[in-house]
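Chemist: Okay, here's the structure, questions in a sec.
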Amino acid sequence: MIEVARLTFDYPGTRALHGVSFHLPAGSITALVGPNGAGKTTLLRCLAALEEPLEGSVRVDGVDALAEPRACHRRLGYLSDFFGLYDDLTVEQGLRHAAAIRGVPAARDREVARRAAGRLGILDRLASRAGELSRGLRQRLAIAQAILHEPRVLLLDEPASGLDPEARHSLASLFVRLRDEGMTLLVSSHILAELDAYSTHMLVLRDGRIVSHEPLAGASSAAPAARVTVALALAHPFPALASVLAGVEGVSGVRVEGAGATLEVPADAEGQHRVLRALVEAGVPVCGFSPERRSMEDAYLATLPVRPAEGSR
């Protein structure tokens, strides 16, 4: 859905992006993460055809964003970190204005505005002026404006900034719903726990370079894994656990840790059932047996450069 090749961008005296290349599959929600100054906002603006890079290419839904920026804009929605609203316009007026500048026919602007407001839960605020809305409602209005033309791709820069926990949860549910309706999302945020709730992929940008791009737990794959890592929890310590696990067919990569262990088992349900049954029959006091899910924070921290030990040269 998004294809980027050798994207390079310079500010005066500074290279912000160094030959960035990646591909985002359709129907995914990709978390764009990295430290301040990594180039995340610059990358999003290049994808949105709002900045012209020094070199490289960007294709959005098959359209060359550099050669056909207007066609690209019709296929994507973009919400910047510091978005602007017309405070004197009502919610409905703002949405209808956004529809007009996105090429929605005047005969349909009211219908489109109300549909977008309904998706964001602000139908009851149509008569309210934007300047009277809370931070959370303003964020919803801005997102409604970004998606009212039914884009295939949605780019969001720090969408949860300044929102309370309830509003963040609502936003996460919205993103999952949009993905289920066919949109592809790229979301930049510093709040890893929030991204963890809905992202299917993680793209790590550091110093203008891609350092990691990987699927997260639950992401679809053309070739499902044959084995998975599971966490085994015990009701109480079992001294013979290691030896029992060594004798169970299909078990490998065992790491015993206190009253539990992690181990690799077959990915299919029947294979996991056989392993679990063998453990129970051997008298192991199993109270938990579930696939281990690495959090986004763990995945991100794993991309950090290894620092030399203090005192080493």
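So you can find residues: chains in the structure tokens are A, B, ... in the order shown, residues in each start at 1, and ligands are numbered from 1 in order.
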Just the helix (DSSP H, G or I) stuff from segment 9-215 of chain A, please, per backbone DSSP, written as a ChimeraX atom specification.
Modeler: /A:40-47,69-75,91-101,106-119,123-125,130-132,135-147,165-180,192-196
Chemist: Using 8 Å as the limit and counting only C-alpha atoms, can you tabulate each residue of segment 95-122 of chain A that touches segment 144-164 of chain A, with its shortest atom-to-atom distance in Å and the two atoms involved, as a Markdown table?
Modeler:
| residue | atom | partner | partner_atom | distance |
| --- | --- | --- | --- | --- |
| A:Leu95 | CA | A:Gln145 | CA | 5.7 |
| A:Ala98 | CA | A:Gln145 | CA | 5.9 |
| A:Ala99 | CA | A:Leu148 | CA | 6.8 |
| A:Arg102 | CA | A:His149 | CA | 6.8 |
| A:Val104 | CA | A:His149 | CA | 7.0 |
| A:Val112 | CA | A:Leu148 | CA | 6.3 |
| A:Ala113 | CA | A:Leu148 | CA | 6.7 |
| A:Arg115 | CA | A:Leu148 | CA | 7.6 |
| A:Ala116 | CA | A:Leu148 | CA | 5.2 |
| A:Ala117 | CA | A:Ala144 | CA | 6.2 |
| A:Arg119 | CA | A:Ala144 | CA | 7.6 |
| A:Leu120 | CA | A:Ala144 | CA | 6.3 |
Chemist: Going by DSSP on the backbone, which bits of segment 7-111 of chain A are strand (DSSP E)? Write them as a PyMOL selection string, please.
Modeler: chain A and resi 7-11+14-24+29-33+55-60+63-64+76-79
Chemist: Need the shell around Val251 of chain A: protein/DNA/RNA residues with any atom at most 10 Å away, counting only C-alpha atoms. Skip same-chain ones fewer than 2 positions apart. Format as number ranges by chain?
Modeler: A: 227, 229, 245-249, 253-254, 263-266, 271-272, 275
Chemist: Take the selection from the previous step and output its residues with N, CA and C atoms, as a compact mmCIF listing (two decimals), in the first residue's frame.
Modeler:
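Dumped everything to result-v4.txt:
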# COMPACT_ATOMS: atom_id res chain seq x y z
N ARG A 227 6.55 -22.99 14.89
CA ARG A 227 6.71 -23.13 16.33
C ARG A 227 6.51 -21.77 17.00
N THR A 229 6.84 -19.64 21.02
CA THR A 229 7.35 -19.66 22.38
C THR A 229 6.19 -19.49 23.35
N LEU A 245 10.70 -31.70 30.99
CA LEU A 245 10.60 -31.00 29.70
C LEU A 245 11.54 -31.60 28.67
N ALA A 246 12.73 -32.03 29.13
CA ALA A 246 13.71 -32.61 28.20
C ALA A 246 13.19 -33.89 27.57
N GLY A 247 12.25 -34.57 28.26
CA GLY A 247 11.73 -35.82 27.73
C GLY A 247 10.42 -35.71 26.98
N VAL A 248 9.87 -34.48 26.85
CA VAL A 248 8.59 -34.30 26.16
C VAL A 248 8.83 -34.06 24.67
N GLU A 249 8.20 -34.86 23.85
CA GLU A 249 8.36 -34.73 22.39
C GLU A 249 7.78 -33.39 21.92
N GLY A 253 14.23 -25.40 23.23
CA GLY A 253 14.50 -24.04 23.69
C GLY A 253 14.03 -23.77 25.10
N VAL A 254 14.19 -24.73 25.98
CA VAL A 254 13.68 -24.62 27.35
C VAL A 254 14.55 -23.67 28.18
N LEU A 263 9.41 -22.05 26.73
CA LEU A 263 9.81 -23.17 25.87
C LEU A 263 9.18 -23.01 24.50
N GLU A 264 9.80 -23.62 23.51
CA GLU A 264 9.26 -23.62 22.15
C GLU A 264 8.46 -24.88 21.93
N VAL A 265 7.27 -24.72 21.36
CA VAL A 265 6.37 -25.85 21.12
C VAL A 265 5.79 -25.70 19.72
N PRO A 266 5.14 -26.75 19.18
CA PRO A 266 4.48 -26.62 17.88
C PRO A 266 3.44 -25.49 17.91
N GLY A 271 -0.67 -29.89 18.55
CA GLY A 271 0.69 -30.09 19.06
C GLY A 271 0.85 -29.53 20.46
N GLN A 272 0.28 -28.36 20.71
CA GLN A 272 0.36 -27.77 22.04
C GLN A 272 -0.43 -28.60 23.05
N VAL A 275 1.73 -31.51 24.21
CA VAL A 275 2.76 -31.09 25.16
C VAL A 275 2.15 -30.87 26.54
Chemist: Write out as a VMD selection string the residues lying within 6 Å of Thr262 of chain A, counting only C-alpha atoms and excluding same-chain residues fewer than 6 positions away.
Modeler: chain A and resid 230 to 232 254 to 255
Chemist: Kindly save the residues from that selection, with N, CA and C atoms included, as a PDB file, in the first residue's frame.
Modeler:
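again.pdb, written as the output of this step:
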ATOM      1  N   VAL A 230       6.100 -20.360  24.336  1.00  0.00           N
ATOM      2  CA  VAL A 230       5.033 -20.244  25.325  1.00  0.00           C
ATOM      3  C   VAL A 230       5.636 -20.038  26.710  1.00  0.00           C
ATOM      4  N   ALA A 231       4.865 -19.374  27.558  1.00  0.00           N
ATOM      5  CA  ALA A 231       5.254 -19.192  28.958  1.00  0.00           C
ATOM      6  C   ALA A 231       4.512 -20.233  29.779  1.00  0.00           C
ATOM      7  N   LEU A 232       5.265 -21.008  30.534  1.00  0.00           N
ATOM      8  CA  LEU A 232       4.696 -22.037  31.387  1.00  0.00           C
ATOM      9  C   LEU A 232       4.762 -21.563  32.835  1.00  0.00           C
ATOM     10  N   VAL A 254      14.193 -24.735  25.979  1.00  0.00           N
ATOM     11  CA  VAL A 254      13.681 -24.618  27.350  1.00  0.00           C
ATOM     12  C   VAL A 254      14.551 -23.673  28.178  1.00  0.00           C
ATOM     13  N   ARG A 255      13.878 -22.787  28.922  1.00  0.00           N
ATOM     14  CA  ARG A 255      14.560 -21.897  29.856  1.00  0.00           C
ATOM     15  C   ARG A 255      13.738 -21.868  31.148  1.00  0.00           C
TER      16      ARG A 255
END
Chemist: My list of candidates is A:Leu79, A:Ala259, A:Ala197, A:Ile101. Which is closest to His236 of chain A when distances are computed with only C-alpha atoms?
Modeler: A:Ala259
Chemist: Can you tell me which residues surround Arg59 of chain A at a distance of at most 7 Å, considering only C-alpha atoms, apart from same-chain residues fewer than 3 positions away, and format the answer as an NGL selection string?
Modeler: :A and (2-4 or 62-65)
Chemist: Using Å and a single decimal, report how far atom CA of Pro239 of chain A sits from atom CA of Val280 of chain A.
Modeler: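 Pair atom CA of Val280 of chain A / atom CA of Pro239 of chain A returns 14.9 Å.
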Chemist: Would you compute the distance between atom CA of Gly39 of chain A and atom CA of Gly208 of chain A? Give it in Å to one decimal.
Modeler: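 Computing the Euclidean distance for atom CA of Gly39 of chain A and atom CA of Gly208 of chain A yields 5.2 Å.
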Chemist: List the neighbours of Leu126 of chain A out to 7 Å using only C-alpha atoms; skip same-chain residues closer than 2 positions along the sequence, and give me the result as a compact mmCIF listing (two decimals) with N, CA and C atoms, in the first residue's frame.
Modeler:
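New file result-v2.txt:
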# COMPACT_ATOMS: atom_id res chain seq x y z
N THR A 90 -18.81 25.84 13.07
CA THR A 90 -19.37 24.71 13.81
C THR A 90 -18.70 23.42 13.31
N VAL A 91 -18.91 22.37 14.05
CA VAL A 91 -18.34 21.07 13.64
C VAL A 91 -18.84 20.70 12.25
N GLU A 92 -20.14 20.86 12.01
CA GLU A 92 -20.67 20.51 10.69
C GLU A 92 -20.08 21.40 9.60
N ILE A 122 -19.12 12.23 17.22
CA ILE A 122 -19.37 13.65 17.50
C ILE A 122 -20.62 14.17 16.78
N LEU A 123 -21.53 13.25 16.46
CA LEU A 123 -22.77 13.67 15.80
C LEU A 123 -23.56 14.65 16.67
N ASP A 124 -23.46 14.48 17.98
CA ASP A 124 -24.22 15.36 18.87
C ASP A 124 -23.56 16.72 19.03
N SER A 128 -21.96 22.67 17.57
CA SER A 128 -20.98 23.33 18.45
C SER A 128 -19.85 23.94 17.64
Chemist: Ranking A:Asn36, A:Leu76, A:Pro12, A:Thr30 by minimum distance to Ala49 of chain A and counting only C-alpha atoms, which one comes first?
Modeler: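 Checking each of A:Asn36, A:Leu76, A:Pro12, A:Thr30 against Ala49 of chain A, counting only C-alpha atoms, the winner is A:Leu76.
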Chemist: Find, counting only C-alpha atoms, the residue in A:Val286, A:Val256, A:Leu186, A:Val211 that gets nearest to Leu234 of chain A.
Modeler: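 The shortest atom-to-atom distance to Leu234 of chain A comes from A:Val286.
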Chemist: Using only C-alpha atoms, pick whichever of A:Ala16, A:His190, A:Asp87, A:Ala38 has the shortest atom-to-atom distance to Leu133 of chain A.
Modeler: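 Residue with the minimum atom-to-atom distance to Leu133 of chain A: A:Asp87.
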Chemist: Taking into account only C-alpha atoms, which residue in the set A:Glu257, A:Glu194, A:Glu281, A:Asp109 is nearest to Glu297 of chain A?
Modeler: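 Ranked by minimum distance to Glu297 of chain A, first place goes to A:Glu194.
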